[in-house]
Amino acid sequence: MLRLASLTDIRVCAVTEVLSPYEWRRHTPEMVSRRALAAIDDPGTANPVPVPRHDERIDLLVDSLVRCRWRSLTAEAVSRRIVTVLDACHADSQWLQIELHWLSERHR
């Protein structure tokens with residue numbers, strides 16, 4: 001079950017702040033993702049530098065954005081979607097690590 005990030009989540013607020021002063025709807029999904037990740041990585045920083053293009057999280061976020069009509073959403077809604085996707089990916093990764101641990105325990 002996908003749990004939506006709260007609008008009061010500090011990461012959602014940081015992404016909203018970094019997107020709001022710009023005409024972010026004119027940016028590519030990659031640039032929106034890069035700016036959002038910079039805000040998440042360093043919340044509270046005024047005008048953070050977008051993360052490098054080789055950041056492995058970018059493809060995940062771009063894929064999520066292109067699957068919806070993201071330009072029709074508010075900055076808050078896009079921010080919430082981005083944080084939710086990152087949280088879901090992190091949770092999936094944690095479950096995979098647990099399952100791999102269980103498998104390795106069985107084969108000892």
# chains A, B, ... in the order shown; residues from 1 in each chain; ligands from 1

call {"tool": "select_by_dssp", "arguments": {"residues": "chain A", "states": "helix (DSSP H, G or I)", "output": "PyMOL selection string"}}
result
chain A and resi 10-19+24-26+29-41+57-66+70-72+75-106

call {"tool": "closest_atom_pairs", "arguments": {"of": "region 62-89 of chain A", "to": "region 32-48 of chain A", "cutoff": "8 Å", "atoms": "only C-alpha atoms", "output": "Markdown table"}}
result
| residue | atom | partner | partner_atom | distance |
| --- | --- | --- | --- | --- |
| A:Val62 | CA | A:Ser33 | CA | 6.5 |
| A:Ser79 | CA | A:Ala36 | CA | 7.5 |
| A:Ile82 | CA | A:Ala36 | CA | 7.7 |

call {"tool": "write_last_selection", "arguments": {"atoms": "N, CA and C atoms", "output": "PDB file, in the first residue's frame"}}
result
ATOM      1  N   VAL A  62      11.735  10.778 -12.672  1.00  0.00           N
ATOM      2  CA  VAL A  62      11.305  11.141 -14.025  1.00  0.00           C
ATOM      3  C   VAL A  62      10.224  10.177 -14.489  1.00  0.00           C
ATOM      4  N   SER A  79       5.467  17.942  -5.329  1.00  0.00           N
ATOM      5  CA  SER A  79       6.401  17.707  -4.228  1.00  0.00           C
ATOM      6  C   SER A  79       5.995  16.480  -3.420  1.00  0.00           C
ATOM      7  N   ILE A  82       6.745  13.310  -5.420  1.00  0.00           N
ATOM      8  CA  ILE A  82       8.175  13.011  -5.440  1.00  0.00           C
ATOM      9  C   ILE A  82       8.616  12.353  -4.133  1.00  0.00           C
TER      10      ILE A  82
END

call {"tool": "atom_distance", "arguments": {"atom1": "CA of Val83 (chain A)", "atom2": "CA of Leu4 (chain A)"}}
result
8.3 Å

call {"tool": "closest_residue", "arguments": {"among": "A:Leu86, A:Met31, A:Ile10, A:Ala75", "to": "Arg57 (chain A)", "atoms": "only C-alpha atoms"}}
result
A:Leu86

call {"tool": "closest_residue", "arguments": {"among": "A:Glu76, A:Thr16, A:Leu2, A:Arg53", "to": "Ala91 (chain A)", "atoms": "only C-alpha atoms"}}
result
A:Leu2

call {"tool": "residues_around", "arguments": {"residues": "Thr74 (chain A)", "least_positions_apart": "4", "cutoff": "12 Å", "atoms": "only C-alpha atoms", "output": "list in words"}}
result
Val15, Thr16, Glu17, Leu19, Ser20, Glu23, Trp24, Arg25, Arg69, Trp70, Val78, Ser79, Arg80 and Arg81 of chain A

call {"tool": "closest_residue", "arguments": {"among": "A:Asp87, A:Asp63, A:Asp9, A:Glu30", "to": "Pro50 (chain A)", "atoms": "only C-alpha atoms"}}
result
A:Glu30

call {"tool": "residues_around", "arguments": {"residues": "Val85 (chain A)", "least_positions_apart": "5", "cutoff": "8 Å", "atoms": "only C-alpha atoms", "output": "list in words"}}
result
Leu60, Leu61 and Ser64 of chain A

call {"tool": "write_last_selection", "arguments": {"atoms": "C-alpha atoms", "output": "PDB file, in the first residue's frame"}}
result
ATOM      1  CA  LEU A  60      12.883   6.884 -10.730  1.00  0.00           C
ATOM      2  CA  LEU A  61      11.378  10.349 -10.309  1.00  0.00           C
ATOM      3  CA  SER A  64       6.938   8.790 -11.967  1.00  0.00           C
TER       4      SER A  64
END

call {"tool": "closest_residue", "arguments": {"among": "A:Ala88, A:Pro29, A:Cys13, A:Arg3", "to": "Ile58 (chain A)", "atoms": "only C-alpha atoms"}}
result
A:Pro29
